[in-house]
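Peer 1: File follows, final_22.cif with mmCIF, C-alpha atoms:
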```cif
data_model
#
loop_
_atom_site.label_atom_id
_atom_site.label_comp_id
_atom_site.auth_asym_id
_atom_site.auth_seq_id
_atom_site.Cartn_x
_atom_site.Cartn_y
_atom_site.Cartn_z
CA ASN B 6 0.00 0.00 0.00
CA ALA B 7 1.76 3.13 -1.25
CA GLY B 8 -0.42 5.68 0.59
CA VAL B 9 0.12 9.28 -0.56
CA THR B 10 2.83 9.64 -3.20
CA GLN B 11 4.34 12.97 -4.22
CA THR B 12 6.63 13.64 -7.14
CA PRO B 13 9.17 15.06 -7.62
CA LYS B 14 10.97 15.09 -4.25
CA PHE B 15 13.20 18.03 -5.20
CA ARG B 16 13.01 20.65 -7.90
CA ILE B 17 14.78 23.88 -8.75
CA LEU B 18 12.91 26.39 -10.91
CA LYS B 19 13.91 29.66 -12.46
CA ILE B 20 11.75 32.72 -11.87
CA GLY B 21 8.84 32.74 -14.28
CA GLN B 22 8.91 29.03 -15.04
CA SER B 23 5.92 26.83 -14.39
CA MET B 24 5.57 23.28 -13.11
CA THR B 25 3.12 20.77 -11.73
CA LEU B 26 3.58 18.99 -8.43
CA GLN B 27 2.01 15.56 -8.59
CA CYS B 28 0.08 13.90 -5.77
CA THR B 29 -1.67 10.55 -5.93
CA GLN B 30 -3.24 8.35 -3.28
CA ASP B 31 -4.38 4.74 -3.48
CA MET B 32 -6.56 4.65 -0.36
CA ASN B 33 -9.81 5.78 -2.00
CA HIS B 34 -9.86 8.93 0.14
CA ASN B 35 -12.23 11.58 -1.11
CA TYR B 36 -10.62 14.56 0.66
CA MET B 37 -7.24 15.83 -0.52
CA TYR B 38 -5.17 18.84 0.52
CA TRP B 39 -2.11 20.83 -0.48
CA TYR B 40 0.00 22.56 2.16
CA ARG B 41 3.19 24.57 1.99
CA GLN B 42 5.74 24.91 4.78
CA ASP B 43 8.29 27.69 4.81
CA PRO B 44 11.50 27.21 6.83
CA GLY B 45 10.83 27.25 10.58
CA MET B 46 7.12 27.79 10.09
CA GLY B 47 3.95 25.75 10.34
CA LEU B 48 1.92 24.42 7.44
CA LYS B 49 -0.32 26.71 5.42
CA LEU B 50 -3.27 25.32 3.49
CA ILE B 51 -3.15 26.20 -0.22
CA TYR B 52 -6.09 24.32 -1.74
CA TYR B 53 -8.27 21.38 -0.84
CA SER B 54 -10.78 19.10 -2.53
CA VAL B 55 -13.69 17.12 -1.12
CA GLY B 56 -14.07 14.94 -4.18
CA ALA B 57 -13.51 14.62 -7.91
CA GLY B 58 -14.49 17.83 -9.70
CA ILE B 59 -14.64 19.91 -6.50
CA THR B 60 -11.85 22.19 -5.29
CA ASP B 61 -11.68 25.16 -2.95
CA LYS B 62 -9.17 27.74 -1.76
CA GLY B 63 -7.35 27.55 1.53
CA GLU B 64 -5.30 30.24 3.31
CA VAL B 65 -2.68 30.97 0.64
CA PRO B 66 -4.02 30.09 -2.86
CA ASN B 67 -2.49 32.96 -4.85
CA GLY B 68 -0.05 31.81 -7.53
CA TYR B 69 -1.36 28.25 -7.57
CA ASN B 70 -4.02 26.23 -9.36
CA VAL B 71 -5.40 22.76 -8.76
CA SER B 72 -7.63 20.26 -10.47
CA ARG B 73 -9.29 17.04 -9.31
CA SER B 74 -10.38 14.96 -12.29
CA THR B 75 -10.09 11.64 -10.44
CA THR B 76 -10.35 10.48 -6.84
CA GLU B 77 -6.70 9.41 -6.85
CA ASP B 78 -4.93 12.49 -8.24
CA PHE B 79 -4.69 16.08 -7.03
CA PRO B 80 -1.98 17.98 -8.96
CA LEU B 81 -0.82 21.45 -7.90
CA ARG B 82 0.15 23.85 -10.68
CA LEU B 83 2.57 26.75 -10.22
CA GLU B 84 2.36 29.38 -12.93
CA LEU B 85 5.08 32.04 -13.20
CA ALA B 86 7.17 30.77 -10.28
CA ALA B 87 8.43 33.40 -7.83
CA PRO B 88 11.10 33.23 -5.09
CA SER B 89 8.31 33.55 -2.50
CA GLN B 90 7.12 30.11 -3.58
CA THR B 91 10.33 28.49 -2.36
CA SER B 92 8.98 26.04 0.19
CA VAL B 93 8.29 22.42 1.03
CA TYR B 94 4.96 21.26 -0.34
CA PHE B 95 2.95 18.52 1.32
CA CYS B 96 -0.05 16.70 -0.06
CA ALA B 97 -2.48 14.95 2.28
CA SER B 98 -5.65 12.90 2.07
CA SER B 99 -8.43 11.77 4.37
CA HIS B 100 -11.87 10.20 4.40
CA PRO B 101 -14.62 10.91 6.95
CA ARG B 102 -15.53 7.23 7.39
CA ILE B 103 -12.35 5.35 6.47
CA THR B 104 -9.89 7.48 8.43
CA ASN B 105 -12.22 9.35 10.80
CA GLU B 106 -10.86 12.54 9.26
CA LYS B 107 -7.24 11.74 10.12
CA LEU B 108 -4.89 13.22 7.56
CA PHE B 109 -2.32 11.05 5.79
CA PHE B 110 0.61 12.99 4.39
CA GLY B 111 3.03 12.43 1.57
CA SER B 112 6.78 12.84 2.04
CA GLY B 113 6.86 16.30 0.52
CA THR B 114 8.35 18.15 -2.45
CA GLN B 115 11.15 20.61 -1.77
CA LEU B 116 10.95 23.45 -4.28
CA SER B 117 13.48 26.23 -4.78
CA VAL B 118 12.79 29.17 -7.09
CA LEU B 119 15.94 31.06 -8.05
CA ASP K 29 -12.57 27.51 12.83
CA ALA K 30 -11.03 28.25 16.22
CA LYS K 31 -7.43 29.38 16.48
CA THR K 32 -4.97 27.68 18.79
CA THR K 33 -2.08 28.98 20.89
CA GLN K 34 0.90 26.82 21.85
CA PRO K 35 4.24 27.58 23.50
CA PRO K 36 6.96 27.73 20.84
CA SER K 37 9.29 25.27 22.57
CA MET K 38 9.59 22.86 25.49
CA ASP K 39 12.16 20.46 26.91
CA CYS K 40 11.50 17.13 28.58
CA ALA K 41 13.83 14.62 30.22
CA GLU K 42 13.93 11.20 28.63
CA GLY K 43 11.61 8.76 30.42
CA ARG K 44 9.52 11.53 31.95
CA ALA K 45 6.03 12.54 30.89
CA ALA K 46 5.85 15.34 28.35
CA ASN K 47 2.84 17.62 28.83
CA LEU K 48 2.14 19.89 25.87
CA PRO K 49 -0.50 22.57 26.42
CA CYS K 50 -2.81 24.16 23.87
CA ASN K 51 -5.26 27.03 24.27
CA HIS K 52 -8.34 27.17 22.04
CA SER K 53 -10.52 29.66 23.88
CA THR K 54 -12.81 30.35 20.89
CA ILE K 55 -13.66 26.71 20.26
CA SER K 56 -17.32 25.95 19.61
CA GLY K 57 -19.34 22.93 20.66
CA ASN K 58 -18.92 20.82 17.54
CA GLU K 59 -15.22 21.45 16.93
CA TYR K 60 -12.76 18.63 17.49
CA VAL K 61 -9.20 19.02 18.80
CA TYR K 62 -6.53 17.15 16.82
CA TRP K 63 -2.85 16.67 17.56
CA TYR K 64 -0.20 15.95 14.94
CA ARG K 65 3.57 15.86 15.11
CA GLN K 66 6.28 16.48 12.54
CA ILE K 67 9.69 14.86 12.86
CA HIS K 68 12.45 16.65 10.98
CA SER K 69 11.06 17.54 7.55
CA GLN K 70 8.74 14.58 7.21
CA GLY K 71 5.01 14.91 6.63
CA PRO K 72 3.02 15.41 9.85
CA GLN K 73 1.82 12.29 11.64
CA TYR K 74 -1.55 11.95 13.37
CA ILE K 75 -1.38 11.39 17.14
CA ILE K 76 -4.84 11.68 18.69
CA HIS K 77 -8.07 13.67 18.62
CA GLY K 78 -11.09 14.33 20.82
CA LEU K 79 -14.27 16.35 21.24
CA LYS K 80 -14.87 16.68 24.98
CA ASN K 81 -13.93 13.44 26.68
CA ASN K 82 -10.36 12.54 27.53
CA GLU K 83 -8.84 10.15 25.04
CA THR K 84 -5.96 7.68 25.16
CA ASN K 85 -4.29 5.58 22.51
CA GLU K 86 -1.01 3.75 22.10
CA MET K 87 0.86 6.98 21.44
CA ALA K 88 -0.53 9.52 23.88
CA SER K 89 -3.33 10.84 26.06
CA LEU K 90 -5.43 13.91 25.40
CA ILE K 91 -6.92 15.83 28.31
CA ILE K 92 -9.57 18.42 27.42
CA THR K 93 -10.78 20.83 30.10
CA GLU K 94 -14.45 20.84 31.00
CA ASP K 95 -15.01 24.22 29.33
CA ARG K 96 -13.07 22.92 26.28
CA LYS K 97 -11.01 26.11 26.09
CA SER K 98 -7.72 24.25 26.48
CA SER K 99 -6.21 20.80 26.18
CA THR K 100 -3.01 18.96 27.04
CA LEU K 101 -1.26 16.27 25.07
CA ILE K 102 0.58 13.82 27.31
CA LEU K 103 3.38 11.57 26.13
CA PRO K 104 3.68 9.31 29.18
CA HIS K 105 7.32 8.21 28.83
CA ALA K 106 9.12 10.49 26.39
CA THR K 107 11.93 9.01 24.31
CA LEU K 108 14.50 10.68 22.10
CA ARG K 109 12.38 9.70 19.09
CA ASP K 110 9.59 11.92 20.40
CA THR K 111 11.67 15.02 19.62
CA ALA K 112 9.46 16.80 17.07
CA VAL K 113 7.18 19.75 16.44
CA TYR K 114 3.71 19.13 17.87
CA TYR K 115 0.67 20.83 16.34
CA CYS K 116 -2.66 21.36 18.05
CA ILE K 117 -5.48 21.89 15.56
CA VAL K 118 -9.14 22.65 16.00
CA ARG K 119 -11.24 21.35 13.14
CA GLY K 120 -14.76 22.61 12.68
CA THR K 121 -17.61 21.64 10.43
CA GLY K 122 -15.58 22.59 7.38
CA ASN K 123 -13.09 20.23 5.83
CA GLN K 124 -10.00 22.30 6.46
CA PHE K 125 -7.27 21.60 8.97
CA TYR K 126 -5.34 24.77 9.82
CA PHE K 127 -1.91 24.19 11.35
CA GLY K 128 -0.30 26.85 13.54
CA THR K 129 3.42 27.06 14.30
CA GLY K 130 3.28 24.30 16.94
CA THR K 131 5.52 23.45 19.91
CA SER K 132 9.04 22.22 19.30
CA LEU K 133 9.61 19.48 21.87
CA THR K 134 13.17 18.44 22.65
CA VAL K 135 13.65 15.27 24.67
CA ILE K 136 16.90 15.45 26.60
CA PRO K 137 18.91 12.31 27.42
#
```
Starting from the coordinates I provided, produce the structure as structure tokens.
Peer 2:
Amino acid sequence: NAGVTQTPKFRILKIGQSMTLQCTQDMNHNYMYWYRQDPGMGLKLIYYSVGAGITDKGEVPNGYNVSRSTTEDFPLRLELAAPSQTSVYFCASSHPRITNEKLFFGSGTQLSVL
Amino acid sequence: DAKTTQPPSMDCAEGRAANLPCNHSTISGNEYVYWYRQIHSQGPQYIIHGLKNNETNEMASLIITEDRKSSTLILPHATLRDTAVYYCIVRGTGNQFYFGTGTSLTVIP
């Protein structure tokens, strides 16, 4: 059971480039989340989804886009990368009945924008 | 959703109980309290959660005051592997979990 898988683990971008952070889960969880964590800080919620075709903004959505075409996948898109987006990105999933709302996290993607 | 307040850091001697406090004075009646921890730069790990009764599992105990305005996470016999950042989160009827800055616990040999 792979759980929540994030790719890539590390990435360096130049200012203005774009990329997609991939997140997939094999636990049939309907809720999925994207967080970012700046050095020495807590996690900030970027976007979340309660099911395929449904997404909503969290605390810090500016500069990001998401889509949820399947239950398993929840990619995060960065358009026009900026140095302020240098961070560690975590994807998480949960299910109200399967996990009693407990979040399961991926191992993170460390992104540097130079 | 209610906000939480935690001390930024705490120390605990190995083998002793670690008591991590959390204030959530604006919590409402249907909001749960969750605790997670993050070791190094790994993804956070679920520890325990509760609504108003005290809870215990294999990892920890959660004590919630009668007025529900604060709670304490207890690690009964702290080990060096419990050194981590501990997050107290109040989750409401929405589906969002908002993490604060947490408490950095250092277990001292």
Peer 1: Can you translate the PyMOL selection byres ((chain B) within 9 of (chain K)) into the concrete residues it hits in this file, as number ranges by chain?
Peer 2: B: 36, 38, 45-50, 53-55, 63-64, 93, 95-97, 106-113
Peer 1: Go through K:Ser132, K:His68, K:Ala112, K:Ser89 and flag the residue nearest Ala45 in chain K, using all atoms listed in the file for the distances.
Peer 2: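 The closest residue to Ala45 in chain K is K:Ser89.
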Peer 1: Take the point (17.0, 23.2, -8.4) in the file's coordinates, draw a sphere of radius 9 Å around it, and report as a ChimeraX atom specification every protein, DNA or RNA residue with an atom inside or on it, counting only C-alpha atoms.
Peer 2: /B:15-19,116-119
Peer 1: One decimal, in Å: what's the spacing between CA of Gln115 in chain B and CA of Gly68 in chain B?
Peer 2: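 So the two atoms, CA of Gln115 in chain B and CA of Gly68 in chain B, lie 16.9 Å apart.
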Peer 1: What is the CA of Lys62 in chain B-CA of Ser98 in chain K distance in Å, reported with one decimal?
Peer 2: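 Distance between the two atoms: 28.5 Å.
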Peer 1: When distances are computed from only C-alpha atoms, which of B:Gly58, B:Val71, B:Glu77, B:Thr91 shows the smallest separation from Leu26 in chain B?
Peer 2: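 Answer, going by the shortest atom-to-atom distance: B:Val71.
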